[in-house]
Amino acid sequence: LTQEGGTHQEYLVNLLSNEVSYRQERRIMKLLNTSGFPRLYTKEQFRTDEIDFPEGTSLESLINLDFLHSGKNVIMYGGTGTGKTMLSILIGTSACNQGIPVKFYRTAGLINLFSESQTKGTLTSLKKKLGSAEILILDEFGYVPYDRTGAQLLFDYLSEIHEQKSVVLNTNLEFSQWVNVLYDQRMATALIGRLTH
């Protein structure tokens, strides 16, 4: 790569500007590569005609991360094929493009990771790895029943990060049915309370 400039100062400014741009691009690529997204989508691929956004929320506000800046979580509820995963990935890629770390997991996969790491004694290092993310995306919450210990570990972790990180959770279950996957009414009620705080 050659660098040009009419003066020494201009040359240095151009050189430094290119270096900053290069580092920003590398950081975004790293964030996208370590996020765990199963695939990437563009905003143009997403259709909003079958989605009901709550008052004060829009596709733009989600993509602009208004919820993150105001310390809130996002819960997307709907049947299979309604665009929850795609929208959560669009939110996540928008965050990565702004230099904000994101972790994307299918909920059952994260619960399995929690259970395995507890058995191996590596739970602390897993939480440290998750700790780098400002947004945690949990996809397919409630699609399958969870291991009781894993569900407790997920609850404990979400309680730990309450009001410190934003969670985007996709589910096909109404709140009243969460007890069926978490096995414990108090735990389900407490988790709903924290996520909707």
# chains A, B, ... in the order shown; residues from 1 in each chain; ligands from 1
$ closest_atom_pairs --of "segment 67-130 of chain A" --to "segment 139-144 of chain A" --cutoff "12 Å" --atoms "only C-alpha atoms" --output "tab-separated table"
residue	atom	partner	partner_atom	distance
A:Val74	CA	A:Asp139	CA	11.7
A:Ile75	CA	A:Phe141	CA	10.2
A:Met76	CA	A:Asp139	CA	9.5
A:Tyr77	CA	A:Phe141	CA	9.8
A:Gly78	CA	A:Glu140	CA	10.5
A:Gly79	CA	A:Glu140	CA	10.3
A:Thr80	CA	A:Glu140	CA	9.2
A:Gly81	CA	A:Glu140	CA	11.3
A:Gly83	CA	A:Asp139	CA	11.3
A:Lys84	CA	A:Asp139	CA	8.1
A:Thr85	CA	A:Asp139	CA	6.5
A:Met86	CA	A:Asp139	CA	10.1
A:Leu87	CA	A:Asp139	CA	10.8
A:Ser88	CA	A:Asp139	CA	8.2
A:Ile89	CA	A:Asp139	CA	9.8
A:Lys103	CA	A:Asp139	CA	10.9
A:Phe104	CA	A:Asp139	CA	7.5
A:Tyr105	CA	A:Asp139	CA	6.1
A:Arg106	CA	A:Asp139	CA	4.6
A:Thr107	CA	A:Phe141	CA	5.4
A:Ala108	CA	A:Val144	CA	7.4
A:Gly109	CA	A:Asp139	CA	9.6
A:Leu110	CA	A:Asp139	CA	9.8
A:Ile111	CA	A:Phe141	CA	10.4
$ residues_around --residues "Val181 of chain A" --least-positions-apart "4" --cutoff "12 Å" --atoms "only C-alpha atoms" --output "PyMOL selection string"
chain A and resi 107-108+111+140-152+154-155+171-177+185+187-188
$ closest_atom_pairs --of "segment 112-184 of chain A" --to "segment 58-68 of chain A" --cutoff "9 Å" --atoms "only C-alpha atoms" --output "Markdown table"
| residue | atom | partner | partner_atom | distance |
| --- | --- | --- | --- | --- |
| A:Glu134 | CA | A:Leu68 | CA | 8.4 |
| A:Ile135 | CA | A:Leu68 | CA | 7.8 |
| A:Lys165 | CA | A:Leu68 | CA | 7.9 |
| A:Ser166 | CA | A:Leu68 | CA | 5.9 |
| A:Val167 | CA | A:Leu68 | CA | 8.9 |
$ write_last_selection --atoms "all heavy atoms" --output "PDB file, in the first residue's frame"
ATOM      1  N   GLU A 134     -21.281  -7.215  25.532  1.00  0.00           N
ATOM      2  CA  GLU A 134     -22.214  -6.245  26.111  1.00  0.00           C
ATOM      3  C   GLU A 134     -23.658  -6.648  25.842  1.00  0.00           C
ATOM      4  O   GLU A 134     -24.571  -6.231  26.540  1.00  0.00           O
ATOM      5  CB  GLU A 134     -21.953  -4.842  25.556  1.00  0.00           C
ATOM      6  CG  GLU A 134     -20.667  -4.224  26.065  1.00  0.00           C
ATOM      7  CD  GLU A 134     -20.474  -2.798  25.572  1.00  0.00           C
ATOM      8  OE1 GLU A 134     -21.456  -2.018  25.600  1.00  0.00           O
ATOM      9  OE2 GLU A 134     -19.354  -2.474  25.169  1.00  0.00           O
ATOM     10  N   ILE A 135     -23.846  -7.466  24.793  1.00  0.00           N
ATOM     11  CA  ILE A 135     -25.177  -7.982  24.461  1.00  0.00           C
ATOM     12  C   ILE A 135     -25.092  -9.506  24.365  1.00  0.00           C
ATOM     13  O   ILE A 135     -24.240 -10.038  23.656  1.00  0.00           O
ATOM     14  CB  ILE A 135     -25.700  -7.412  23.120  1.00  0.00           C
ATOM     15  CG1 ILE A 135     -25.797  -5.889  23.175  1.00  0.00           C
ATOM     16  CG2 ILE A 135     -27.060  -8.018  22.766  1.00  0.00           C
ATOM     17  CD1 ILE A 135     -26.173  -5.241  21.844  1.00  0.00           C
ATOM     18  N   LYS A 165     -25.581  -6.000  31.543  1.00  0.00           N
ATOM     19  CA  LYS A 165     -25.552  -6.290  30.115  1.00  0.00           C
ATOM     20  C   LYS A 165     -26.988  -6.348  29.608  1.00  0.00           C
ATOM     21  O   LYS A 165     -27.909  -6.527  30.397  1.00  0.00           O
ATOM     22  CB  LYS A 165     -24.892  -7.648  29.850  1.00  0.00           C
ATOM     23  CG  LYS A 165     -23.452  -7.720  30.313  1.00  0.00           C
ATOM     24  CD  LYS A 165     -22.886  -9.104  30.052  1.00  0.00           C
ATOM     25  CE  LYS A 165     -21.496  -9.236  30.633  1.00  0.00           C
ATOM     26  NZ  LYS A 165     -20.537  -8.325  30.043  1.00  0.00           N
ATOM     27  N   SER A 166     -27.154  -6.221  28.304  1.00  0.00           N
ATOM     28  CA  SER A 166     -28.481  -6.373  27.717  1.00  0.00           C
ATOM     29  C   SER A 166     -28.621  -7.774  27.143  1.00  0.00           C
ATOM     30  O   SER A 166     -27.675  -8.323  26.571  1.00  0.00           O
ATOM     31  CB  SER A 166     -28.714  -5.337  26.614  1.00  0.00           C
ATOM     32  OG  SER A 166     -28.905  -4.058  27.179  1.00  0.00           O
ATOM     33  N   VAL A 167     -29.805  -8.341  27.325  1.00  0.00           N
ATOM     34  CA  VAL A 167     -30.117  -9.676  26.814  1.00  0.00           C
ATOM     35  C   VAL A 167     -31.180  -9.532  25.731  1.00  0.00           C
ATOM     36  O   VAL A 167     -32.158  -8.804  25.902  1.00  0.00           O
ATOM     37  CB  VAL A 167     -30.632 -10.592  27.942  1.00  0.00           C
ATOM     38  CG1 VAL A 167     -31.055 -11.954  27.385  1.00  0.00           C
ATOM     39  CG2 VAL A 167     -29.572 -10.763  29.030  1.00  0.00           C
TER      40      VAL A 167
END
$ select_by_dssp --residues "segment 62-196 of chain A" --states "helix (DSSP H, G or I)" --output "VMD selection string"
chain A and resid 62 to 63 66 to 69 84 to 97 107 to 120 123 to 131 148 to 160 175 to 177 179 to 182 185 to 195
$ closest_residue --among "A:Arg194, A:Leu153, A:Arg47, A:Glu160" --to "Ser115 of chain A" --atoms "only C-alpha atoms"
A:Leu153
$ closest_residue --among "A:Ser70, A:Ser17, A:Gln24, A:Ile91" --to "Lys43 of chain A" --atoms "only C-alpha atoms"
A:Ile91
$ residues_around --residues "Leu126 of chain A" --least-positions-apart "3" --cutoff "9 Å" --atoms "only C-alpha atoms" --output "list in words"
Leu113, Phe114, Ser117, Thr122, Leu123, Lys129, Leu130 and Gly131 of chain A
$ closest_residue --among "A:Ile51, A:Ala190, A:Val168, A:Leu182" --to "Ile137 of chain A" --atoms "only C-alpha atoms"
A:Val168
$ atom_distance --atom1 "atom CA of Tyr183 of chain A" --atom2 "atom CA of Ser159 of chain A"
17.0 Å
$ select_by_dssp --residues "segment 41-170 of chain A" --states "strand (DSSP E)" --output "ChimeraX atom specification"
/A:74-77,102-106,135-141,166-170
$ closest_residue --among "A:Asn73, A:Ser21, A:Thr82, A:Thr124" --to "Leu195 of chain A" --atoms "only C-alpha atoms"
A:Asn73
